[in-house]
Every structure is written in C-alpha cells, then in structure tokens.
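Participant: Sharing a structure below in structure tokens format, with a few things to ask.
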Amino acid sequence: PYAWIIPPDQHDPVAAGKLVDLLLEHGVEVSQTTEPLHIGYAVYPAGTTVIPAAQPYRPFLLTMLRPQRYPEVRNATDGGILEPYDVASWSLPLSMGVEVVEANEPVSGSIQTLSTPIWPQPTIDDSAAGHIIPAAADSTYTAINRLLAEGKTVNRFATDSEAGQRGDIYLASRDVKPKLLRAIADELHVPVIPVSEKPTVDMWPVRASRVGLFKPWVASMDEGWTRFVLENYDFPVVSVANEQIRSGEFTDTVDVLLFPDVNPSIIARGKPEKGSRYARYFSPLPPKYSGGIDEWSSNGEAAAEGEKKGGQRLKEWVRSGGTVVALDSSTEYFVDLFELPVSNALESVSRDRFNCPGSTLRVLMNPHSPLTFGMRPEEAIYFGSSPAFQTRVPDKRFDRAVVARYPDDEKDILISGYLEGGELLERKAAVVEFAVGKGKVILIGFRAQHRAQPMRTFKLLF
C-alpha cells in the first residue's frame, strides 16, 4: 500500500486517537489532510489521518496494521502445524476497533505532519439542559466511574432514540455542572454533545458496583492483566482470595465477583488436574497458601466435616442477588457448580480436529442485551484455546440469553491468525447470561481483556 487511511467518522473516535498515539510513540510518521482526499471512488473529508507507507518503519506498519494469516507449515502430511510461540494475531486496528483503509494509489493533495493525535472535541454548553456521552467511546467508562465516585447521577438510554444510541449516557446539567464535565472531557478526550432539553427516551440509572476480583494463591497472569485494565479505567476493585469465599466474608463487600481465566481445578483445589501439562511444573505451596475455594487442607480435602465449601457459598450468594462473571476457562467451574444447561462444544475435541492458537474471530452480538451497549452488531474477539458453548433446551430453573455467538458459516469466523476446525464453532455461543434466583451468572467464553489488548471488547466486560 501507498498509505493507510484512518477516516474521521469512527465508531469509537477515542480508540482511533489512541491508535495514532501508539504509532507516534513508536516513531511512526503520521499526517492529516487539510482538504478532501480522493482515493479511488472514495472521498475522505479534510481532517482525515494518513499514515504514509514510504517511511523507515514501513515493515512495522505492515506487521501491526494488517490482519495476519498464520502459515500452515507441517513436518509431516498428517501432522499438525508448527505452532506459533505465543499468538497468531496482533493487528492493532482489529483489537482496538478502528477502521483503517489501505490506499492502493499515491496520496495526493495538501497534508500536514501530526505531532499529537486528533482527539474528539467535546461540545459543552453552559445553558444546555444536559449532555450526552456516546457509549461507543472507549473513555466513556472512565468518565462514568469518576462521576459516580463524585456522587453524580448517571443515566443510560435503554433504547435508540433521535438523541442517541442505546447505552449512551445522559447527564443533567443541574447535577453534573458543565465545569466538572469540561474538566473530565478534556482530560479523557470524551466526546460530549449538549441537548437543549431532556431526551424523551426510557433511561436506566447507573450505580457503581463493588467489584471483587478472584485472586487464587496459584499466580494467575490473567488476574493481573484484569486488575490492570479495571484500575486503568477507574473501576473500584478489590481482590478476593480463597478464604474470603470459603468464609462468606465477600458476601457483604462485593456486588459482582469476577473470575479471570483460571483453570477450574485451580479454583476448586488450588492445583492443576493430574495428568495436565501444567501438573508437571506445579510445586505445592506452603499449607497457609494451599488449596482452593472447595478444598484447602494440607491433604487436599475440606477443612472440617459438614463445613460449607466455597462453591456452596457462591451458590447462596448468587441466588440472593449476587452476580458472577466468569472468563474463558473459569466458566467450566460455574457450569458444573450451578448445573447450567450449557456445555463446552470443544471439551473433548482433539488438537488435530480443532486448533486456534491466539487468533481474532468474528462474533455476532445480541442487540437487545445491555451487555452489548456501545458495541457493533459484529465484533472481533481474541480466542486462544477457549471454550465454545452449546446451549441446551431451556431449564425452568434459569432464564437464559445468548449475548454473542459465532457466525453460521466457518468461512465468516476467522478474521486474523489461524483456525482449523472452524465448523465446530458454527452457531455456537460465545457469551451466555443466566438468571439464577435473584442473581446472575455471566459466562464470557474468551478473554475480553487479554493482556490489555482487545480494547474493543472491554465494553462487554465493563
């Protein structure tokens, strides 16, 4: 390509600014048009970002801005591929949710070099009845958390309307003063739109949830990354250890329990399954730090006959109104614990039938779920040896909603990386929400926050 074009009309304008900021930080030359740009049959307005391909870091740009196709190199005709060291997809536009167009002809016209990103400019009116912040903007969630911490009233649109999209934030000026909003918007680059009167649309009030993040004694890299992401977006989060779940201490201190990608055996017993590839590397921890939420004495059994185990505590807490959110492999523990009418369609599938080492896949989002606020009908997720859910006939004990699923045809599933056996994912669920008593169990069958990279799926977690 002669250049990469970042159109100004982005679903998430903040993410586009963050992408340009990353490129500038790495020494990439970035420009902006000062007049309309004609590329083929497309016309891009003045203010369009242009990344010239004729520059020293062209190989870096080719690597980071394009989707990947991992090669099928095999040692034998009937053998598996030579596996990547880590992941097979790392395209920044895909993970950040930014539209980037390749220009296959020279870019002509008036352009100027950029030294800083082009951020969305908030419009704040001191005489407005209120202001709207779009749910699609990445920094909206940091702004919400800061406003809630200040005790401000925050409402979200329940449906689309003339004033905005479902999930957008409405802030009444009598409660959130323009001066405060201007300070937050300027720091976080939040797009803000004034309205002369309160929108006539159903709204849901937002309150700050007390988030507890499960932290097993066996170190979990995903737990660390999850905490890093939540803290970066100003979510109030506390660590919850095994003993706090076993004792029930957590029940009065958190509203949502978030379980990162942790093996079910680690959750329950504090050690990997016998015969697994992790078992040979495992060294028993001192008794004080051994065990999981269900088994915790030095001999690996419950501490006392008849004493409630952590799983039972969790069941009672959820049925009383608590919410559990489980990511990737931790979902298996909760499917078994609650006897949910869902199974992992890939559980007994061998590696030669299905292989997807750290790739970007397409999922279809349920537009009626509040969990998809700010997201597009189709999204790209990070998938790496993750589960895929096969739902069963609804169980009268649970209300169920499929929040995200894979497309009908395997040819539409892989976006970047490598996928073998994609037909096994066809029409399988990727995210399922269950109502359990007064509470909820939400199964996210991938890492929505994997190493703080798939920024576009943070909204699902938030």
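Starting from 1 in every chain, residues are counted up; chains themselves are A, B, ... following the order of the structure tokens, and ligands are numbered from 1 as listed.
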Could you build a table of the residues in stretch 275-352 of chain A lying no more than 12 Å from stretch 74-81 of chain A, giving for each the nearest pair of atoms and their separation in Å rounded to one decimal place, using only C-alpha atoms, ordered by chain and ascending residue number, as JSON lines?
Facilitator:
{"residue": "A:Ser350", "atom": "CA", "partner": "A:Gly80", "partner_atom": "CA", "distance": 11.2}
{"residue": "A:Arg351", "atom": "CA", "partner": "A:Gly80", "partner_atom": "CA", "distance": 8.2}
{"residue": "A:Asp352", "atom": "CA", "partner": "A:Gly80", "partner_atom": "CA", "distance": 6.3}
Participant: Counting only C-alpha atoms, what is within 6 Å of stretch 391-401 of chain A, bar same-chain residues fewer than 4 positions away, as a ChimeraX atom specification?
Facilitator: /A:341-342,432-436
Participant: With N, CA and C atoms retained, write the just-selected residues as a compact mmCIF listing (two decimals), in the first residue's frame.
Facilitator:
# COMPACT_ATOMS: atom_id res chain seq x y z
N PRO A 341 -27.60 -25.27 31.89
CA PRO A 341 -27.92 -26.03 30.66
C PRO A 341 -27.07 -25.57 29.48
N VAL A 342 -25.77 -25.79 29.59
CA VAL A 342 -24.83 -25.40 28.55
C VAL A 342 -23.59 -26.27 28.71
N VAL A 432 -22.93 -16.17 27.29
CA VAL A 432 -24.28 -16.57 27.72
C VAL A 432 -24.54 -15.99 29.11
N GLU A 433 -25.73 -15.44 29.29
CA GLU A 433 -26.13 -14.87 30.57
C GLU A 433 -27.27 -15.71 31.16
N PHE A 434 -27.13 -16.10 32.43
CA PHE A 434 -28.15 -16.88 33.12
C PHE A 434 -28.67 -16.10 34.33
N ALA A 435 -29.99 -16.09 34.48
CA ALA A 435 -30.59 -15.59 35.71
C ALA A 435 -30.74 -16.77 36.66
N VAL A 436 -30.12 -16.65 37.84
CA VAL A 436 -30.14 -17.73 38.83
C VAL A 436 -30.73 -17.15 40.11
Participant: Any chance you could list, as a ChimeraX atom specification, the residues in stretch 147-264 of chain A that come up helix (DSSP H, G or I) when DSSP is run on the backbone?
Facilitator: /A:147-149,178-188,221-232,242-247,249-252,264
Participant: Name the residues of stretch 156-302 of chain A that come out as strand (DSSP E or B) in a backbone DSSP run; write them as a PyMOL selection string.
Facilitator: chain A and resi 156-157+169-172+193-195+203-206+211-214+237-240+256-259
Participant: List as a PyMOL selection string the protein and nucleic acid residues near stretch 270-278 of chain A, meaning an atom at most 12 Å away when only C-alpha atoms are counted, but skip any in the same chain fewer than 2 places from it.
Facilitator: chain A and resi 215-220+241-243+262-268+280-301
Participant: Compile the contact shell of stretch 156-160 of chain A as a compact mmCIF listing (two decimals) with N, CA and C atoms, in the first residue's frame: residues with an atom at most 6 Å away, counting only C-alpha atoms, same-chain residues fewer than 3 positions apart removed.
Facilitator:
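Below is the file result-v6.txt, written as the result:
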# COMPACT_ATOMS: atom_id res chain seq x y z
N GLN A 165 -27.86 6.67 20.77
CA GLN A 165 -27.97 5.22 20.68
C GLN A 165 -28.20 4.58 22.04
N ARG A 166 -28.70 3.36 22.03
CA ARG A 166 -28.88 2.61 23.28
C ARG A 166 -27.55 2.53 24.03
N GLY A 167 -27.63 2.76 25.33
CA GLY A 167 -26.42 2.72 26.14
C GLY A 167 -25.74 4.05 26.31
N ASP A 168 -26.10 5.06 25.47
CA ASP A 168 -25.47 6.37 25.62
C ASP A 168 -25.78 6.95 27.00
N ILE A 169 -24.90 7.82 27.46
CA ILE A 169 -25.00 8.40 28.80
C ILE A 169 -25.68 9.76 28.74
N ASP A 202 -36.70 6.11 27.39
CA ASP A 202 -36.54 5.38 28.65
C ASP A 202 -35.06 5.34 29.03
N MET A 203 -34.80 5.57 30.31
CA MET A 203 -33.42 5.57 30.79
C MET A 203 -33.29 4.68 32.00
N TRP A 204 -32.10 4.12 32.16
CA TRP A 204 -31.77 3.31 33.33
C TRP A 204 -30.72 4.02 34.16
Participant: I'd like the neighbourhood of stretch 357-362 of chain A as a ChimeraX atom specification, where a residue qualifies if any of its atoms comes within 6 Å (using only C-alpha atoms), though same-chain residues fewer than 2 positions away should be ignored.
Facilitator: /A:87-89,379-384,413-417
Participant: Measure the distance from atom CA of A:Val211 to atom CA of A:Lys152 in Å and round it to one decimal.
Facilitator: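 Calculated distance between atom CA of A:Val211 and atom CA of A:Lys152 is 19.1 Å.
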Participant: In Å, rounded to a single decimal, give me how far atom CA of A:Ala46 is from atom CA of A:Leu94.
Facilitator: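 These atoms are spaced 24.4 Å apart.
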Participant: Which of these, A:Gln121, A:Phe235, A:Arg210, A:Glu72, has the shortest distance to A:Arg182 once you count only C-alpha atoms?
Facilitator: A:Gln121
Participant: I need the residue nearest A:Met96 from this list: A:Lys179, A:Arg313, A:Lys198, A:Lys18. Use only C-alpha atoms for the distance.
Facilitator: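 The closest residue to A:Met96 is A:Lys18.
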Participant: Would you compute the distance between atom CA of A:Leu62 and atom CA of A:Pro7? Give it in Å to one decimal.
Facilitator: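 Going from atom CA of A:Leu62 over to atom CA of A:Pro7 covers 18.6 Å.
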Participant: Extract, using only C-alpha atoms, all DNA, RNA and protein residues at most 12 Å from stretch 102-111 of chain A, discarding same-chain residues fewer than 5 positions from it, and format them as JSON, numbers by chain.
Facilitator: {"A": [1, 2, 3, 4, 5, 6, 7, 30, 31, 32, 33, 34, 35, 36, 37, 38, 39, 40, 41, 42, 43, 44, 45, 46, 47, 48, 49, 50, 51, 52, 53, 54, 61, 62, 65, 66, 67, 93]}
Participant: Within 9 Å of A:Gly248, counting only C-alpha atoms, which residues qualify if same-chain residues fewer than 6 places away don't, as a PyMOL selection string?
Facilitator: chain A and resi 310+313-314+317
